[in-house]
Amino acid sequence: MARKLQSLPHFSSRILLLLAGLLITILQVALSASNNHASTPIVVSTWPFLDAVRAAWYAVEQGMSAVDAVVEGCATCERLQCDGTVGFGGSPDENGETTLDAMVMDGTTMDVGAVGALRFVKEAIRTAKLVLEHTEHTLLVGDQASVFAISLGMAGPTNLSTNESLKKWSTWHDNGCQPNFWRNVIPNSNTACGPYHLCAVNQENEDDSFSWSTFGTSTDKVFAQAKSNGISRQNHDTISMIVIDKDQKIAAGTSSNGATHKIPGRVGDGPIVGASAYADQEAGGCGASGDGDVMMRFLPCYQVVESMRQGRSPTEATEDAILRIKRKYPHFVGALVAVNSDGAHGAACHGWTFQYSVRNLDMADVEVFTIHPITI
C-alpha cells in the first residue's frame, strides 16, 4: 500500500504534464484563430475575388474611408467582370441586354446609395456612391438612374453587352428560352419563348396606340447613341463586401449584373438594403450571394447584424439566418458572410459550397475560406 502511495505523485505529475501540454495546444489554436478571425482593419468579400479585395485593402492602407474602400473593391470587380456576374457583358436578360445593380451603405451614418436595373453606364457602384453623397434618396432605378449618372459625369451611354453575352443570349433563345423566370402564362413558358400572356384575349386587346416615343422623351435623346449600338427597349454571383477601416468605421456594398435571362426590369437583392448587404458600426456588417429573389424576402443581412448585436458570433448569426430561409424554401441556394465590430468573421451557406475572401493586418495576402452547406 505504501509503495502504491509513493508512486501516485509520479503518476499524477505525468497527468498534469499531459494536461498542461494539451492546454498549451488549445491556447495556440485559439490564438491562431483569434489572429485570423478578430482583427481590424479588415476587408471581407463573397467569393475568391482576390483582386477586388486587394484593391479595397490598398484603399484602407492609404487611409481611405470604409465607404471608399468598398467602392474601390466593387469597382475593380466591375472592371474585371468577375465570374461574368459582376459588371458589363454578363447575365443578359430576356432581350439580351445587361443591366446592373449596386449598393453602398455607410454603417456609421446609416446613409445608403443604390441603383437598380441601371442601363448604359458601366460604373454601377460609383453611381450608387453618387446617390449616397449627392441626393436625399436611397435607390434610383432604370433609365432615369442612368440619366442621373451621366448628368453627374459618369461615362455613357455605353453598350453594356459584349459578343460573349449576346452569344449566351442567342444560345438560350435558340433553346426555346429555357430556363426562364415565367410561370402561369401562355404559351407554356416551360417549352416556348414569349411574348407571354395571361390569356389569348390579351393579344387581341393590346393597345397599339402606345409608343415609347411619347414616354420619357429626354431619356430617348440621351440613349440615342446606345440604341444605335444595338441596345434598345426591345431587345447569379454577387460581390458583397464589408470593410472596417483604420478609424474602426464600417461600410458594406454590393455589385451585380443580376440573374441570367431575367425578365427585363427585374431588380434583385443587390440594391436592397438589408438583403444583399447591411452595416452598423455598433454591431458589424453582412454580405449575401445567391438566389436574390428568394433571399430579399427575408432581409437576411439585416437579421445577421441584429443577431450579432445581441451577442451571436458571425458564424452563429449567418447560420441562423440561412436556416430561417431554408425552413420556407428548402431548395434555395445562397450564402451569407459577416464581420462583427471586432473584426471576427464567419459565414454560412445552403445549396452550394461557398467561399469568401479576407484580408487583415495578420495576413500577408488575401486568404480564402471555404464553407460547406448546412445539413441540419
# chains A, B, ... in the order shown; residues from 1 in each chain; ligands from 1
$ residues_around --residues "segment 51-62 of chain A" --least-positions-apart "4" --cutoff "6 Å" --atoms "only C-alpha atoms" --output "list in words"
Ala69, Glu72, Gly73, Thr76, Cys77 and Asp245 of chain A
$ write_last_selection --atoms "all heavy atoms" --output "PDB file, in the first residue's frame"
ATOM      1  N   ALA A  69     -13.325  52.396 -49.690  1.00  0.00           N
ATOM      2  CA  ALA A  69     -12.684  51.097 -49.898  1.00  0.00           C
ATOM      3  C   ALA A  69     -13.659  50.093 -50.516  1.00  0.00           C
ATOM      4  O   ALA A  69     -13.291  49.330 -51.417  1.00  0.00           O
ATOM      5  CB  ALA A  69     -12.143  50.564 -48.572  1.00  0.00           C
ATOM      6  N   GLU A  72     -13.981  51.023 -54.153  1.00  0.00           N
ATOM      7  CA  GLU A  72     -12.804  50.627 -54.928  1.00  0.00           C
ATOM      8  C   GLU A  72     -12.796  49.119 -55.178  1.00  0.00           C
ATOM      9  O   GLU A  72     -12.456  48.660 -56.268  1.00  0.00           O
ATOM     10  CB  GLU A  72     -11.528  51.045 -54.201  1.00  0.00           C
ATOM     11  CG  GLU A  72     -11.299  52.541 -54.150  1.00  0.00           C
ATOM     12  CD  GLU A  72     -11.253  53.164 -55.539  1.00  0.00           C
ATOM     13  OE1 GLU A  72     -10.567  52.611 -56.420  1.00  0.00           O
ATOM     14  OE2 GLU A  72     -11.912  54.206 -55.739  1.00  0.00           O
ATOM     15  N   GLY A  73     -13.160  48.347 -54.169  1.00  0.00           N
ATOM     16  CA  GLY A  73     -13.182  46.903 -54.334  1.00  0.00           C
ATOM     17  C   GLY A  73     -14.225  46.441 -55.331  1.00  0.00           C
ATOM     18  O   GLY A  73     -13.937  45.658 -56.237  1.00  0.00           O
ATOM     19  N   THR A  76     -13.428  47.408 -58.915  1.00  0.00           N
ATOM     20  CA  THR A  76     -12.428  46.522 -59.520  1.00  0.00           C
ATOM     21  C   THR A  76     -13.096  45.288 -60.099  1.00  0.00           C
ATOM     22  O   THR A  76     -12.774  44.845 -61.207  1.00  0.00           O
ATOM     23  CB  THR A  76     -11.379  46.123 -58.472  1.00  0.00           C
ATOM     24  OG1 THR A  76     -10.690  47.300 -58.023  1.00  0.00           O
ATOM     25  CG2 THR A  76     -10.370  45.134 -59.048  1.00  0.00           C
ATOM     26  N   CYS A  77     -14.057  44.732 -59.361  1.00  0.00           N
ATOM     27  CA  CYS A  77     -14.774  43.559 -59.859  1.00  0.00           C
ATOM     28  C   CYS A  77     -15.607  43.908 -61.088  1.00  0.00           C
ATOM     29  O   CYS A  77     -15.704  43.109 -62.029  1.00  0.00           O
ATOM     30  CB  CYS A  77     -15.678  43.000 -58.759  1.00  0.00           C
ATOM     31  SG  CYS A  77     -15.430  41.243 -58.424  1.00  0.00           S
ATOM     32  N   ASP A 245     -12.417  50.216 -41.550  1.00  0.00           N
ATOM     33  CA  ASP A 245     -11.218  50.972 -41.875  1.00  0.00           C
ATOM     34  C   ASP A 245     -10.360  51.244 -40.637  1.00  0.00           C
ATOM     35  O   ASP A 245     -10.640  50.746 -39.533  1.00  0.00           O
ATOM     36  CB  ASP A 245     -11.573  52.260 -42.623  1.00  0.00           C
ATOM     37  CG  ASP A 245     -12.411  53.223 -41.778  1.00  0.00           C
ATOM     38  OD1 ASP A 245     -12.365  53.149 -40.537  1.00  0.00           O
ATOM     39  OD2 ASP A 245     -13.113  54.065 -42.376  1.00  0.00           O
TER      40      ASP A 245
END
$ residues_around --residues "segment 332-339 of chain A" --least-positions-apart "4" --cutoff "6 Å" --atoms "only C-alpha atoms" --output "PyMOL selection string"
chain A and resi 284-291+314+318+343-351
$ residues_around --residues "Gln281 of chain A" --least-positions-apart "4" --cutoff "12 Å" --atoms "only C-alpha atoms" --output "list in words"
Ala66, Met105, Asp106, Gly107, Thr108, Thr109, Met110, Ile242, Val243, Ile244, Asp245, Asp247, Gln248, Lys249, Ile250, Ala251, Ala252, Gly285, Cys286, Val305, Glu306, Met308, Arg309, Val339, Asn340, Ser341, Asp342 and Gly343 of chain A
$ residues_around --residues "segment 90-96 of chain A" --least-positions-apart "3" --cutoff "8 Å" --atoms "only C-alpha atoms" --output "ChimeraX atom specification"
/A:81,84-87,99,161-162,165-166,168-170,234-236,257-264
$ closest_residue --among "A:Arg359, A:Thr46, A:Val121, A:Gly116" --to "Gly268 of chain A" --atoms "only C-alpha atoms"
A:Gly116
$ select_by_dssp --residues "segment 9-184 of chain A" --states "strand (DSSP E)" --output "list in words"
Ile42, Val43, Val44, Ser45, Thr46, Leu100, Asp101, Ala102, Met103, Val104, Met105, Asp106, Val112, Gly113, Ala114, Val115, Gly116, Ala117, Leu118, Leu139, Leu140 and Val141 of chain A
$ closest_residue --among "A:Gln310, A:Pro271, A:Leu118, A:Met64" --to "Thr138 of chain A" --atoms "only C-alpha atoms"
A:Pro271
$ atom_distance --atom1 "atom CA of Ile322 of chain A" --atom2 "atom CA of Met295 of chain A"
9.1 Å
$ closest_residue --among "A:Leu152, A:Leu323, A:Ala102, A:Val70" --to "Thr238 of chain A" --atoms "only C-alpha atoms"
A:Ala102
$ closest_residue --among "A:Tyr302, A:Tyr329, A:Tyr278, A:Phe88" --to "Met103 of chain A" --atoms "only C-alpha atoms"
A:Tyr278
$ atom_distance --atom1 "atom CA of Arg312 of chain A" --atom2 "atom CA of Ile42 of chain A"
19.3 Å
$ closest_residue --among "A:Ser240, A:Asn163, A:Asn175, A:Ser256" --to "Ala277 of chain A" --atoms "only C-alpha atoms"
A:Ser240
$ closest_residue --among "A:Glu97, A:Glu133, A:Asp143, A:Asp83" --to "Lys167 of chain A" --atoms "only C-alpha atoms"
A:Glu97
